[in-house]
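Chemist: This one is data.csv, CSV, C-alpha atoms.
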chain,number,residue,atom,x,y,z
A,16,MET,CA,100.0,108.2,141.0
A,17,ASN,CA,101.7,111.4,142.4
A,18,ASP,CA,103.0,114.3,140.3
A,19,SER,CA,106.5,113.1,140.0
A,20,GLU,CA,105.4,109.6,138.9
A,21,LEU,CA,103.1,111.2,136.4
A,22,SER,CA,105.9,113.3,135.0
A,23,ALA,CA,108.1,110.2,134.8
A,24,ALA,CA,105.4,108.4,132.8
A,25,GLU,CA,105.0,111.3,130.4
A,26,ALA,CA,108.8,111.3,129.8
A,27,VAL,CA,108.8,107.6,128.7
A,28,ARG,CA,109.3,106.9,125.0
A,29,PRO,CA,107.1,103.8,124.4
A,30,VAL,CA,108.5,101.1,122.1
A,31,ILE,CA,106.3,100.8,119.0
A,32,GLY,CA,106.7,97.8,116.7
A,33,ILE,CA,106.0,98.4,113.0
A,34,THR,CA,105.6,95.5,110.5
A,35,SER,CA,107.6,95.6,107.3
A,36,TYR,CA,108.2,94.0,104.0
A,37,LEU,CA,110.8,91.4,103.0
A,38,GLU,CA,112.0,92.7,99.6
A,39,GLN,CA,114.9,92.2,97.3
A,40,ALA,CA,117.1,95.2,97.9
A,41,GLN,CA,120.4,96.6,96.6
A,42,THR,CA,122.9,98.4,98.7
A,43,GLY,CA,126.6,98.8,97.8
A,44,VAL,CA,127.8,95.5,96.4
A,45,TRP,CA,124.9,93.6,97.9
A,46,ASP,CA,121.6,92.4,96.2
A,47,VAL,CA,119.7,90.5,98.9
A,48,ARG,CA,116.4,89.9,100.5
A,49,ALA,CA,116.1,92.4,103.3
A,50,SER,CA,113.6,93.9,105.8
A,51,PHE,CA,112.2,97.2,104.3
A,52,LEU,CA,110.2,100.0,105.9
A,53,PRO,CA,109.9,103.5,104.5
A,54,GLU,CA,111.5,106.0,106.8
A,55,VAL,CA,108.4,108.1,107.0
A,56,TYR,CA,106.8,105.6,109.4
A,57,ILE,CA,109.8,105.8,111.7
A,58,ARG,CA,109.8,109.6,111.7
A,59,ALA,CA,106.0,109.7,112.4
A,60,VAL,CA,106.5,107.6,115.5
A,61,THR,CA,109.6,109.3,116.8
A,62,ASP,CA,108.1,112.7,116.1
A,63,ALA,CA,105.2,111.6,118.3
A,64,GLY,CA,107.5,110.6,121.2
A,65,GLY,CA,107.9,106.9,120.5
A,66,THR,CA,110.8,104.5,119.7
A,67,VAL,CA,110.6,102.2,116.8
A,68,VAL,CA,111.3,98.5,116.4
A,69,VAL,CA,111.0,97.1,112.9
A,70,LEU,CA,109.3,93.7,112.6
A,71,PRO,CA,110.1,91.7,109.5
A,72,PRO,CA,107.8,88.9,108.3
A,73,GLN,CA,108.8,85.5,109.9
A,74,ALA,CA,107.2,82.2,110.8
A,75,VAL,CA,105.6,82.5,114.3
A,76,ASP,CA,102.9,80.6,116.2
A,77,ALA,CA,100.5,82.2,118.7
A,78,GLN,CA,103.0,81.8,121.6
A,79,ALA,CA,105.8,83.4,119.7
A,80,ALA,CA,103.6,86.3,118.6
A,81,LYS,CA,102.6,86.8,122.3
A,82,ARG,CA,106.3,86.9,123.3
A,83,ILE,CA,107.2,89.5,120.6
A,84,LEU,CA,104.4,91.8,121.7
A,85,ALA,CA,105.3,91.4,125.4
A,86,SER,CA,108.4,93.5,124.5
A,87,LEU,CA,106.4,96.2,122.9
A,88,ASP,CA,104.1,99.0,124.1
A,89,GLY,CA,102.2,99.4,120.9
A,90,LEU,CA,101.9,98.0,117.4
A,91,ILE,CA,101.5,99.4,113.9
A,92,VAL,CA,100.6,97.2,111.0
A,93,ALA,CA,101.9,99.2,108.0
A,94,GLY,CA,100.9,99.6,104.4
A,95,GLY,CA,101.9,97.1,101.7
A,96,ALA,CA,100.9,94.5,99.3
A,97,ASP,CA,97.4,93.1,98.8
A,98,VAL,CA,96.1,90.6,101.3
A,99,ASP,CA,95.6,87.1,99.9
A,100,PRO,CA,91.9,86.8,99.0
A,101,ARG,CA,91.9,83.2,100.1
A,102,ARG,CA,92.0,84.5,103.6
A,103,TYR,CA,88.5,85.9,103.2
A,104,GLY,CA,87.1,83.2,100.9
A,105,GLN,CA,87.4,84.9,97.5
A,106,GLN,CA,89.1,84.0,94.2
A,107,ALA,CA,91.7,86.5,93.2
A,108,HIS,CA,90.7,89.4,91.0
A,109,GLU,CA,92.9,89.9,87.9
A,110,LYS,CA,94.2,93.1,89.4
A,111,THR,CA,94.9,91.6,92.8
A,112,GLY,CA,98.6,91.3,93.5
A,113,ALA,CA,100.5,88.1,94.0
A,114,PRO,CA,100.0,86.8,97.6
A,115,ARG,CA,102.5,87.6,100.3
A,116,GLU,CA,101.7,84.6,102.5
A,117,ASP,CA,104.7,85.2,104.8
A,118,ARG,CA,103.5,88.7,105.7
A,119,ASP,CA,99.8,87.8,105.9
A,120,ALA,CA,100.5,85.0,108.4
A,121,PHE,CA,102.9,87.0,110.5
A,122,GLU,CA,100.5,90.0,110.7
A,123,ASP,CA,97.5,87.8,111.4
A,124,ALA,CA,99.3,86.3,114.4
A,125,LEU,CA,100.5,89.7,115.7
A,126,ILE,CA,97.0,91.2,115.4
A,127,ARG,CA,95.4,88.4,117.3
A,128,ALA,CA,98.0,88.6,120.0
A,129,ALA,CA,97.7,92.4,120.2
A,130,LEU,CA,93.9,92.3,120.6
A,131,ASP,CA,94.2,89.5,123.2
A,132,ALA,CA,96.7,91.7,125.2
A,133,ASP,CA,94.8,94.9,124.6
A,134,LEU,CA,98.0,96.4,123.1
A,135,PRO,CA,97.5,99.8,121.5
A,136,PHE,CA,97.1,99.2,117.8
A,137,LEU,CA,97.2,101.4,114.7
A,138,GLY,CA,96.5,99.9,111.2
A,139,ILE,CA,97.5,101.8,108.1
A,140,CYS,CA,96.1,101.0,104.7
A,141,ARG,CA,96.9,97.3,104.4
A,142,GLY,CA,97.0,97.3,108.2
A,143,ALA,CA,93.3,98.3,108.2
A,144,GLN,CA,92.5,95.6,105.7
A,145,MET,CA,94.4,92.9,107.6
A,146,LEU,CA,92.6,93.9,110.9
A,147,ASN,CA,89.2,93.5,109.1
A,148,VAL,CA,90.2,90.2,107.5
A,149,THR,CA,91.7,88.8,110.7
A,150,LEU,CA,88.4,89.5,112.5
A,151,GLY,CA,86.3,87.8,109.7
A,152,GLY,CA,85.5,90.6,107.3
A,153,ASP,CA,86.3,90.8,103.6
A,154,LEU,CA,87.7,93.3,101.0
A,155,ILE,CA,86.7,94.9,97.8
A,156,GLN,CA,89.5,93.7,95.6
A,157,HIS,CA,89.5,96.5,93.0
A,158,LEU,CA,88.0,99.8,93.7
A,159,PRO,CA,87.8,101.0,90.0
A,160,ASP,CA,85.1,98.4,89.6
A,161,GLU,CA,83.0,100.2,92.2
A,162,VAL,CA,83.7,103.8,91.5
A,163,GLY,CA,84.6,103.8,87.8
A,164,ASP,CA,88.1,105.3,88.0
A,165,GLU,CA,91.5,105.1,89.7
A,166,ARG,CA,91.1,108.1,92.1
A,167,TYR,CA,92.0,105.9,95.1
A,168,GLN,CA,95.3,104.8,93.6
A,169,LEU,CA,96.7,107.0,90.9
A,170,GLY,CA,99.8,104.9,90.4
A,171,ALA,CA,103.5,105.8,90.1
A,172,ALA,CA,103.7,106.5,93.9
A,173,ARG,CA,101.4,109.6,93.6
A,174,PHE,CA,99.1,110.0,96.6
A,175,ASN,CA,95.7,111.5,95.9
A,176,GLU,CA,95.0,113.7,98.9
A,177,ILE,CA,91.4,114.2,99.9
A,178,GLU,CA,89.6,115.7,103.0
A,179,VAL,CA,88.1,113.1,105.3
A,180,SER,CA,86.1,113.6,108.5
A,181,VAL,CA,85.5,111.1,111.3
A,182,GLU,CA,82.4,110.3,113.3
A,183,PRO,CA,82.0,112.3,116.6
A,184,GLY,CA,82.0,110.3,119.8
A,185,THR,CA,84.5,107.8,118.6
A,186,LYS,CA,88.0,107.0,119.8
A,187,ILE,CA,89.5,108.5,116.6
A,188,ALA,CA,87.4,111.6,117.2
A,189,GLU,CA,88.9,111.8,120.7
A,190,VAL,CA,92.4,111.6,119.2
A,191,TYR,CA,91.6,114.3,116.6
A,192,GLY,CA,90.2,116.7,119.2
A,193,ASP,CA,88.4,119.8,118.1
A,194,ASP,CA,89.1,119.3,114.4
A,195,LEU,CA,87.5,116.1,113.2
A,196,SER,CA,88.9,116.4,109.7
A,197,ALA,CA,92.2,115.4,108.1
A,198,LYS,CA,94.1,115.5,104.9
A,199,ALA,CA,94.1,111.9,103.7
A,200,PRO,CA,96.8,110.8,101.2
A,201,LEU,CA,95.1,107.8,99.4
A,202,TYR,CA,97.0,105.0,97.7
A,203,HIS,CA,94.8,101.9,97.9
A,204,HIS,CA,93.1,100.0,95.0
A,205,GLN,CA,91.4,97.7,97.5
A,206,ALA,CA,89.2,98.6,100.5
A,207,ILE,CA,87.3,97.1,103.4
A,208,GLY,CA,84.1,95.4,102.2
A,209,GLU,CA,82.0,93.6,104.7
A,210,VAL,CA,83.0,95.0,108.1
A,211,ALA,CA,84.1,92.4,110.6
A,212,THR,CA,82.1,91.8,113.8
A,213,GLY,CA,83.4,94.0,116.5
A,214,LEU,CA,84.6,96.8,114.3
A,215,VAL,CA,82.7,100.0,113.7
A,216,VAL,CA,83.1,102.4,110.7
A,217,THR,CA,84.3,105.9,111.7
A,218,SER,CA,84.9,107.5,108.3
A,219,ARG,CA,83.7,107.1,104.7
A,220,THR,CA,84.4,109.0,101.5
A,221,GLU,CA,81.6,110.6,99.4
A,222,ASP,CA,81.6,107.4,97.4
A,223,GLY,CA,80.7,105.4,100.5
A,224,ILE,CA,84.2,103.8,100.6
A,225,ILE,CA,85.3,103.0,104.2
A,226,GLU,CA,88.4,104.9,105.2
A,227,ALA,CA,88.5,104.3,109.0
A,228,VAL,CA,87.4,101.7,111.5
A,229,GLU,CA,88.0,101.0,115.2
A,230,ARG,CA,87.3,98.3,117.7
A,231,PRO,CA,85.4,99.7,120.7
A,232,ASP,CA,86.1,96.7,122.9
A,233,SER,CA,89.8,97.6,122.8
A,234,THR,CA,91.4,100.5,124.8
A,235,PHE,CA,93.0,101.8,121.6
A,236,CYS,CA,92.5,100.0,118.3
A,237,LEU,CA,92.2,102.3,115.2
A,238,ALA,CA,92.8,101.6,111.6
A,239,VAL,CA,92.7,103.9,108.5
A,240,GLN,CA,93.0,103.2,104.8
A,241,TRP,CA,94.9,106.4,104.1
A,242,HIS,CA,98.6,107.1,104.8
A,243,PRO,CA,98.9,109.5,107.8
A,244,GLU,CA,102.7,109.0,107.9
A,245,GLU,CA,102.9,111.0,104.7
A,246,HIS,CA,101.7,114.2,106.6
A,247,GLU,CA,104.6,115.7,108.6
A,248,LYS,CA,102.3,118.4,110.0
A,249,ASP,CA,99.6,116.0,111.3
A,250,ARG,CA,100.9,113.3,113.7
A,251,ARG,CA,97.6,113.0,115.6
A,252,LEU,CA,97.1,109.3,115.0
A,253,PHE,CA,100.7,108.5,116.0
A,254,ALA,CA,100.5,110.8,119.0
A,255,GLY,CA,97.3,109.0,120.1
A,256,LEU,CA,99.0,105.6,119.8
A,257,VAL,CA,102.0,106.8,121.7
A,258,GLU,CA,99.9,108.3,124.5
A,259,ALA,CA,97.8,105.1,124.7
A,260,ALA,CA,101.1,103.2,125.1
A,261,ARG,CA,102.3,105.6,127.8
A,262,ALA,CA,99.0,105.1,129.7
A,263,ARG,CA,99.4,101.4,129.4
A,264,ILE,CA,103.0,101.6,130.8
A,265,ALA,CA,101.8,103.8,133.7
A,266,ALA,CA,98.9,101.5,134.5
A,267,ALA,CA,101.3,98.5,134.5
A,268,GLY,CA,103.5,100.3,137.0
A,269,VAL,CA,100.5,101.1,139.3
A,270,ASP,CA,99.5,97.4,139.1
A,271,ARG,CA,103.0,96.3,140.0
A,272,ASP,CA,103.1,98.8,143.0
A,273,ALA,CA,99.7,97.6,144.2
A,274,ALA,CA,100.8,93.9,144.0
A,275,ARG,CA,104.0,94.7,145.9
A,276,ASN,CA,102.1,96.5,148.6
A,277,VAL,CA,99.7,93.6,149.0
A,278,LYS,CA,102.6,91.2,149.3
A,279,GLU,CA,104.5,93.4,151.8
A,280,HIS,CA,101.4,93.7,154.1
A,281,ALA,CA,100.3,90.1,153.8
Show me this structure written as structure tokens.

Modeler:
Amino acid sequence: MNDSELSAAEAVRPVIGITSYLEQAQTGVWDVRASFLPEVYIRAVTDAGGTVVVLPPQAVDAQAAKRILASLDGLIVAGGADVDPRRYGQQAHEKTGAPREDRDAFEDALIRAALDADLPFLGICRGAQMLNVTLGGDLIQHLPDEVGDERYQLGAARFNEIEVSVEPGTKIAEVYGDDLSAKAPLYHHQAIGEVATGLVVTSRTEDGIIEAVERPDSTFCLAVQWHPEEHEKDRRLFAGLVEAARARIAAAGVDRDAARNVKEHA
């Protein structure tokens, strides 16, 4: 790739899909079920140089999920409600929220298709938990049972910000660069329990609670249980996703050019 082609690739704004809720919402005279995604997710991606497509829960099969992702350059599975414990073979804890089967099924299909396609992936909070469950891991259903208090989810939309650090030599460490620490706004009463085969843990709290995982077999597959979108001054994870998406776009262009040259000289 020459300098002009490299500059063109760097100027591309990759299209990043972000999963969302279906919630009852009021606007004007309307009180209807609607797709809902906090704006901070959108700003986090656009600040990092991407363009956002919001993905509401809907019934899809594997082929439909594959077609959705074919139109995207990267995928974020966003935070949200508790994952249905039946998906990882447990009975619901009394503090586990009512299952959101539509979103669970939709995100499961998207994650599987994203991994198959090696699409750049970022899981946030519930997104990290869905990645682990989809790959065969399970969850701790209520962290206060493990740590004795509610420090991981204070309630009333109050994030508990702690310092986290990530393991050197990992993909997330590559994204973070010289500073392997981050301010992590926490808001999760559940957490990754048994880690799925194929994932590696890249960050834990002092309590031993897993806060970040990644999948080494993928080009870019990171997931954190904190909420990086809440930090306007730290967009490193989103920048990493966008750069991975740009690299994928550039590689696809090189592959197309190579195939065209082979055909022309055949």

Chemist: Identify, on the basis of only C-alpha atoms, every residue whose closest approach to segment 120-125 of chain A does not exceed 12 Å; exclude the query and any residue fewer than 6 positions from it along the same chain; express the result as a count of residues only.

Modeler: 51

Chemist: For segment 28-84 of chain A against segment 229-249 of chain A, with a cut-off of 6 Å and counting all atoms listed in the file, what is the closest atom pair and its distance in Å to one decimal for every residue that makes the cut, ordered by chain and number, as a Markdown table?

Modeler:
| residue | atom | partner | partner_atom | distance |
| --- | --- | --- | --- | --- |
| A:Val55 | CA | A:Glu244 | CA | 5.8 |
| A:Tyr56 | CA | A:Glu244 | CA | 5.5 |
| A:Ala59 | CA | A:Glu244 | CA | 5.6 |

Chemist: Please determine, counting all atoms listed in the file, which residue among A:Arg250, A:Arg115, A:Arg58, A:His204 has the shortest atom-to-atom distance to Leu169 of chain A.

Modeler: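 Under the stated criterion, the closest residue is A:His204.
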
Chemist: Rank nothing, just name the residue among A:Ile155, A:Cys140, A:Val216, A:Val30 nearest to Pro100 of chain A, using all atoms listed in the file.

Modeler: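 Closest residue, counting all atoms listed in the file: A:Ile155.
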
Chemist: Show which residues sit within 7 Å of segment 184-196 of chain A, as a PyMOL selection string. Count only C-alpha atoms, and ignore same-chain residues fewer than 6 positions away.

Modeler: chain A and resi 178+237+251-252+255

Chemist: Give me a file of those residues, with C-alpha atoms, as a CSV table (one decimal), in the coordinates of the input.

Modeler:
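out_23.csv was written with the following content:
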chain,number,residue,atom,x,y,z
A,178,GLU,CA,89.6,115.7,103.0
A,237,LEU,CA,92.2,102.3,115.2
A,251,ARG,CA,97.6,113.0,115.6
A,252,LEU,CA,97.1,109.3,115.0
A,255,GLY,CA,97.3,109.0,120.1

Chemist: If we draw a sphere of 10 Å around (99.7, 110.1, 95.4), which residues have at least one atom in it when counting only C-alpha atoms? Please report them as a list of chain:residue names.

Modeler: A:Arg166, A:Tyr167, A:Gln168, A:Leu169, A:Gly170, A:Ala171, A:Ala172, A:Arg173, A:Phe174, A:Asn175, A:Glu176, A:Pro200, A:Leu201, A:Tyr202, A:His203, A:His242, A:Glu245

Chemist: Dump C-alpha atoms for the selected residues as a PDB file, in the coordinates of the input?

Modeler:
ATOM      1  CA  ARG A 166      91.100 108.100  92.100  1.00  0.00           C
ATOM      2  CA  TYR A 167      92.000 105.900  95.100  1.00  0.00           C
ATOM      3  CA  GLN A 168      95.300 104.800  93.600  1.00  0.00           C
ATOM      4  CA  LEU A 169      96.700 107.000  90.900  1.00  0.00           C
ATOM      5  CA  GLY A 170      99.800 104.900  90.400  1.00  0.00           C
ATOM      6  CA  ALA A 171     103.500 105.800  90.100  1.00  0.00           C
ATOM      7  CA  ALA A 172     103.700 106.500  93.900  1.00  0.00           C
ATOM      8  CA  ARG A 173     101.400 109.600  93.600  1.00  0.00           C
ATOM      9  CA  PHE A 174      99.100 110.000  96.600  1.00  0.00           C
ATOM     10  CA  ASN A 175      95.700 111.500  95.900  1.00  0.00           C
ATOM     11  CA  GLU A 176      95.000 113.700  98.900  1.00  0.00           C
ATOM     12  CA  PRO A 200      96.800 110.800 101.200  1.00  0.00           C
ATOM     13  CA  LEU A 201      95.100 107.800  99.400  1.00  0.00           C
ATOM     14  CA  TYR A 202      97.000 105.000  97.700  1.00  0.00           C
ATOM     15  CA  HIS A 203      94.800 101.900  97.900  1.00  0.00           C
ATOM     16  CA  HIS A 242      98.600 107.100 104.800  1.00  0.00           C
ATOM     17  CA  GLU A 245     102.900 111.000 104.700  1.00  0.00           C
TER      18      GLU A 245
END

Chemist: Could you please determine the separation between atom CA of Ile57 of chain A and atom CA of Ala254 of chain A in Å, to one decimal place?

Modeler: 12.8 Å

Chemist: What does the distance between atom CA of Arg127 of chain A and atom CA of Gly152 of chain A come to in Å, to one decimal place?

Modeler: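 For atom CA of Arg127 of chain A relative to atom CA of Gly152 of chain A, the distance reads 14.2 Å.
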
Chemist: Please output segment 158-181 of chain A, rebuilt to include N, CA and C atoms, as a PDB file, keeping the file's coordinate frame.

Modeler:
ATOM      1  N   LEU A 158      88.887  98.729  93.526  1.00  0.00           N
ATOM      2  CA  LEU A 158      88.000  99.800  93.700  1.00  0.00           C
ATOM      3  C   LEU A 158      87.482 100.449  92.345  1.00  0.00           C
ATOM      4  N   PRO A 159      88.300 100.503  91.288  1.00  0.00           N
ATOM      5  CA  PRO A 159      87.800 101.000  90.000  1.00  0.00           C
ATOM      6  C   PRO A 159      86.503 100.323  89.544  1.00  0.00           C
ATOM      7  N   ASP A 160      86.325  99.058  89.904  1.00  0.00           N
ATOM      8  CA  ASP A 160      85.100  98.400  89.600  1.00  0.00           C
ATOM      9  C   ASP A 160      83.886  98.968  90.265  1.00  0.00           C
ATOM     10  N   GLU A 161      84.118  99.590  91.420  1.00  0.00           N
ATOM     11  CA  GLU A 161      83.000 100.200  92.200  1.00  0.00           C
ATOM     12  C   GLU A 161      82.792 101.626  91.898  1.00  0.00           C
ATOM     13  N   VAL A 162      83.863 102.387  91.674  1.00  0.00           N
ATOM     14  CA  VAL A 162      83.700 103.800  91.500  1.00  0.00           C
ATOM     15  C   VAL A 162      83.968 104.345  90.120  1.00  0.00           C
ATOM     16  N   GLY A 163      84.469 103.470  89.236  1.00  0.00           N
ATOM     17  CA  GLY A 163      84.600 103.800  87.800  1.00  0.00           C
ATOM     18  C   GLY A 163      85.887 104.473  87.409  1.00  0.00           C
ATOM     19  N   ASP A 164      86.795 104.730  88.346  1.00  0.00           N
ATOM     20  CA  ASP A 164      88.100 105.300  88.000  1.00  0.00           C
ATOM     21  C   ASP A 164      89.131 104.945  89.034  1.00  0.00           C
ATOM     22  N   GLU A 165      90.332 105.476  88.868  1.00  0.00           N
ATOM     23  CA  GLU A 165      91.500 105.100  89.700  1.00  0.00           C
ATOM     24  C   GLU A 165      91.800 106.189  90.736  1.00  0.00           C
ATOM     25  N   ARG A 166      90.805 106.930  91.200  1.00  0.00           N
ATOM     26  CA  ARG A 166      91.100 108.100  92.100  1.00  0.00           C
ATOM     27  C   ARG A 166      91.692 107.624  93.433  1.00  0.00           C
ATOM     28  N   TYR A 167      91.453 106.377  93.837  1.00  0.00           N
ATOM     29  CA  TYR A 167      92.000 105.900  95.100  1.00  0.00           C
ATOM     30  C   TYR A 167      93.445 105.453  95.023  1.00  0.00           C
ATOM     31  N   GLN A 168      93.895 105.146  93.828  1.00  0.00           N
ATOM     32  CA  GLN A 168      95.300 104.800  93.600  1.00  0.00           C
ATOM     33  C   GLN A 168      95.693 105.250  92.226  1.00  0.00           C
ATOM     34  N   LEU A 169      96.319 106.417  92.177  1.00  0.00           N
ATOM     35  CA  LEU A 169      96.700 107.000  90.900  1.00  0.00           C
ATOM     36  C   LEU A 169      97.828 106.313  90.214  1.00  0.00           C
ATOM     37  N   GLY A 170      98.617 105.566  90.994  1.00  0.00           N
ATOM     38  CA  GLY A 170      99.800 104.900  90.400  1.00  0.00           C
ATOM     39  C   GLY A 170     101.021 105.763  90.476  1.00  0.00           C
ATOM     40  N   ALA A 171     102.164 105.140  90.156  1.00  0.00           N
ATOM     41  CA  ALA A 171     103.500 105.800  90.100  1.00  0.00           C
ATOM     42  C   ALA A 171     103.777 106.562  91.398  1.00  0.00           C
ATOM     43  N   ALA A 172     103.376 105.966  92.530  1.00  0.00           N
ATOM     44  CA  ALA A 172     103.700 106.500  93.900  1.00  0.00           C
ATOM     45  C   ALA A 172     103.125 107.918  94.068  1.00  0.00           C
ATOM     46  N   ARG A 173     102.002 108.240  93.396  1.00  0.00           N
ATOM     47  CA  ARG A 173     101.400 109.600  93.600  1.00  0.00           C
ATOM     48  C   ARG A 173     100.164 109.402  94.491  1.00  0.00           C
ATOM     49  N   PHE A 174     100.232 110.023  95.643  1.00  0.00           N
ATOM     50  CA  PHE A 174      99.100 110.000  96.600  1.00  0.00           C
ATOM     51  C   PHE A 174      98.048 110.987  96.143  1.00  0.00           C
ATOM     52  N   ASN A 175      96.796 110.577  96.230  1.00  0.00           N
ATOM     53  CA  ASN A 175      95.700 111.500  95.900  1.00  0.00           C
ATOM     54  C   ASN A 175      95.132 111.955  97.274  1.00  0.00           C
ATOM     55  N   GLU A 176      95.371 113.208  97.582  1.00  0.00           N
ATOM     56  CA  GLU A 176      95.000 113.700  98.900  1.00  0.00           C
ATOM     57  C   GLU A 176      93.580 114.272  98.878  1.00  0.00           C
ATOM     58  N   ILE A 177      92.766 113.755  99.806  1.00  0.00           N
ATOM     59  CA  ILE A 177      91.400 114.200  99.900  1.00  0.00           C
ATOM     60  C   ILE A 177      91.145 114.613 101.391  1.00  0.00           C
ATOM     61  N   GLU A 178      90.062 115.316 101.605  1.00  0.00           N
ATOM     62  CA  GLU A 178      89.600 115.700 103.000  1.00  0.00           C
ATOM     63  C   GLU A 178      88.726 114.563 103.486  1.00  0.00           C
ATOM     64  N   VAL A 179      89.016 114.070 104.697  1.00  0.00           N
ATOM     65  CA  VAL A 179      88.100 113.100 105.300  1.00  0.00           C
ATOM     66  C   VAL A 179      87.729 113.644 106.697  1.00  0.00           C
ATOM     67  N   SER A 180      86.580 113.210 107.169  1.00  0.00           N
ATOM     68  CA  SER A 180      86.100 113.600 108.500  1.00  0.00           C
ATOM     69  C   SER A 180      85.747 112.274 109.221  1.00  0.00           C
ATOM     70  N   VAL A 181      85.815 112.291 110.555  1.00  0.00           N
ATOM     71  CA  VAL A 181      85.500 111.100 111.300  1.00  0.00           C
ATOM     72  C   VAL A 181      84.282 111.313 112.193  1.00  0.00           C
TER      73      VAL A 181
END
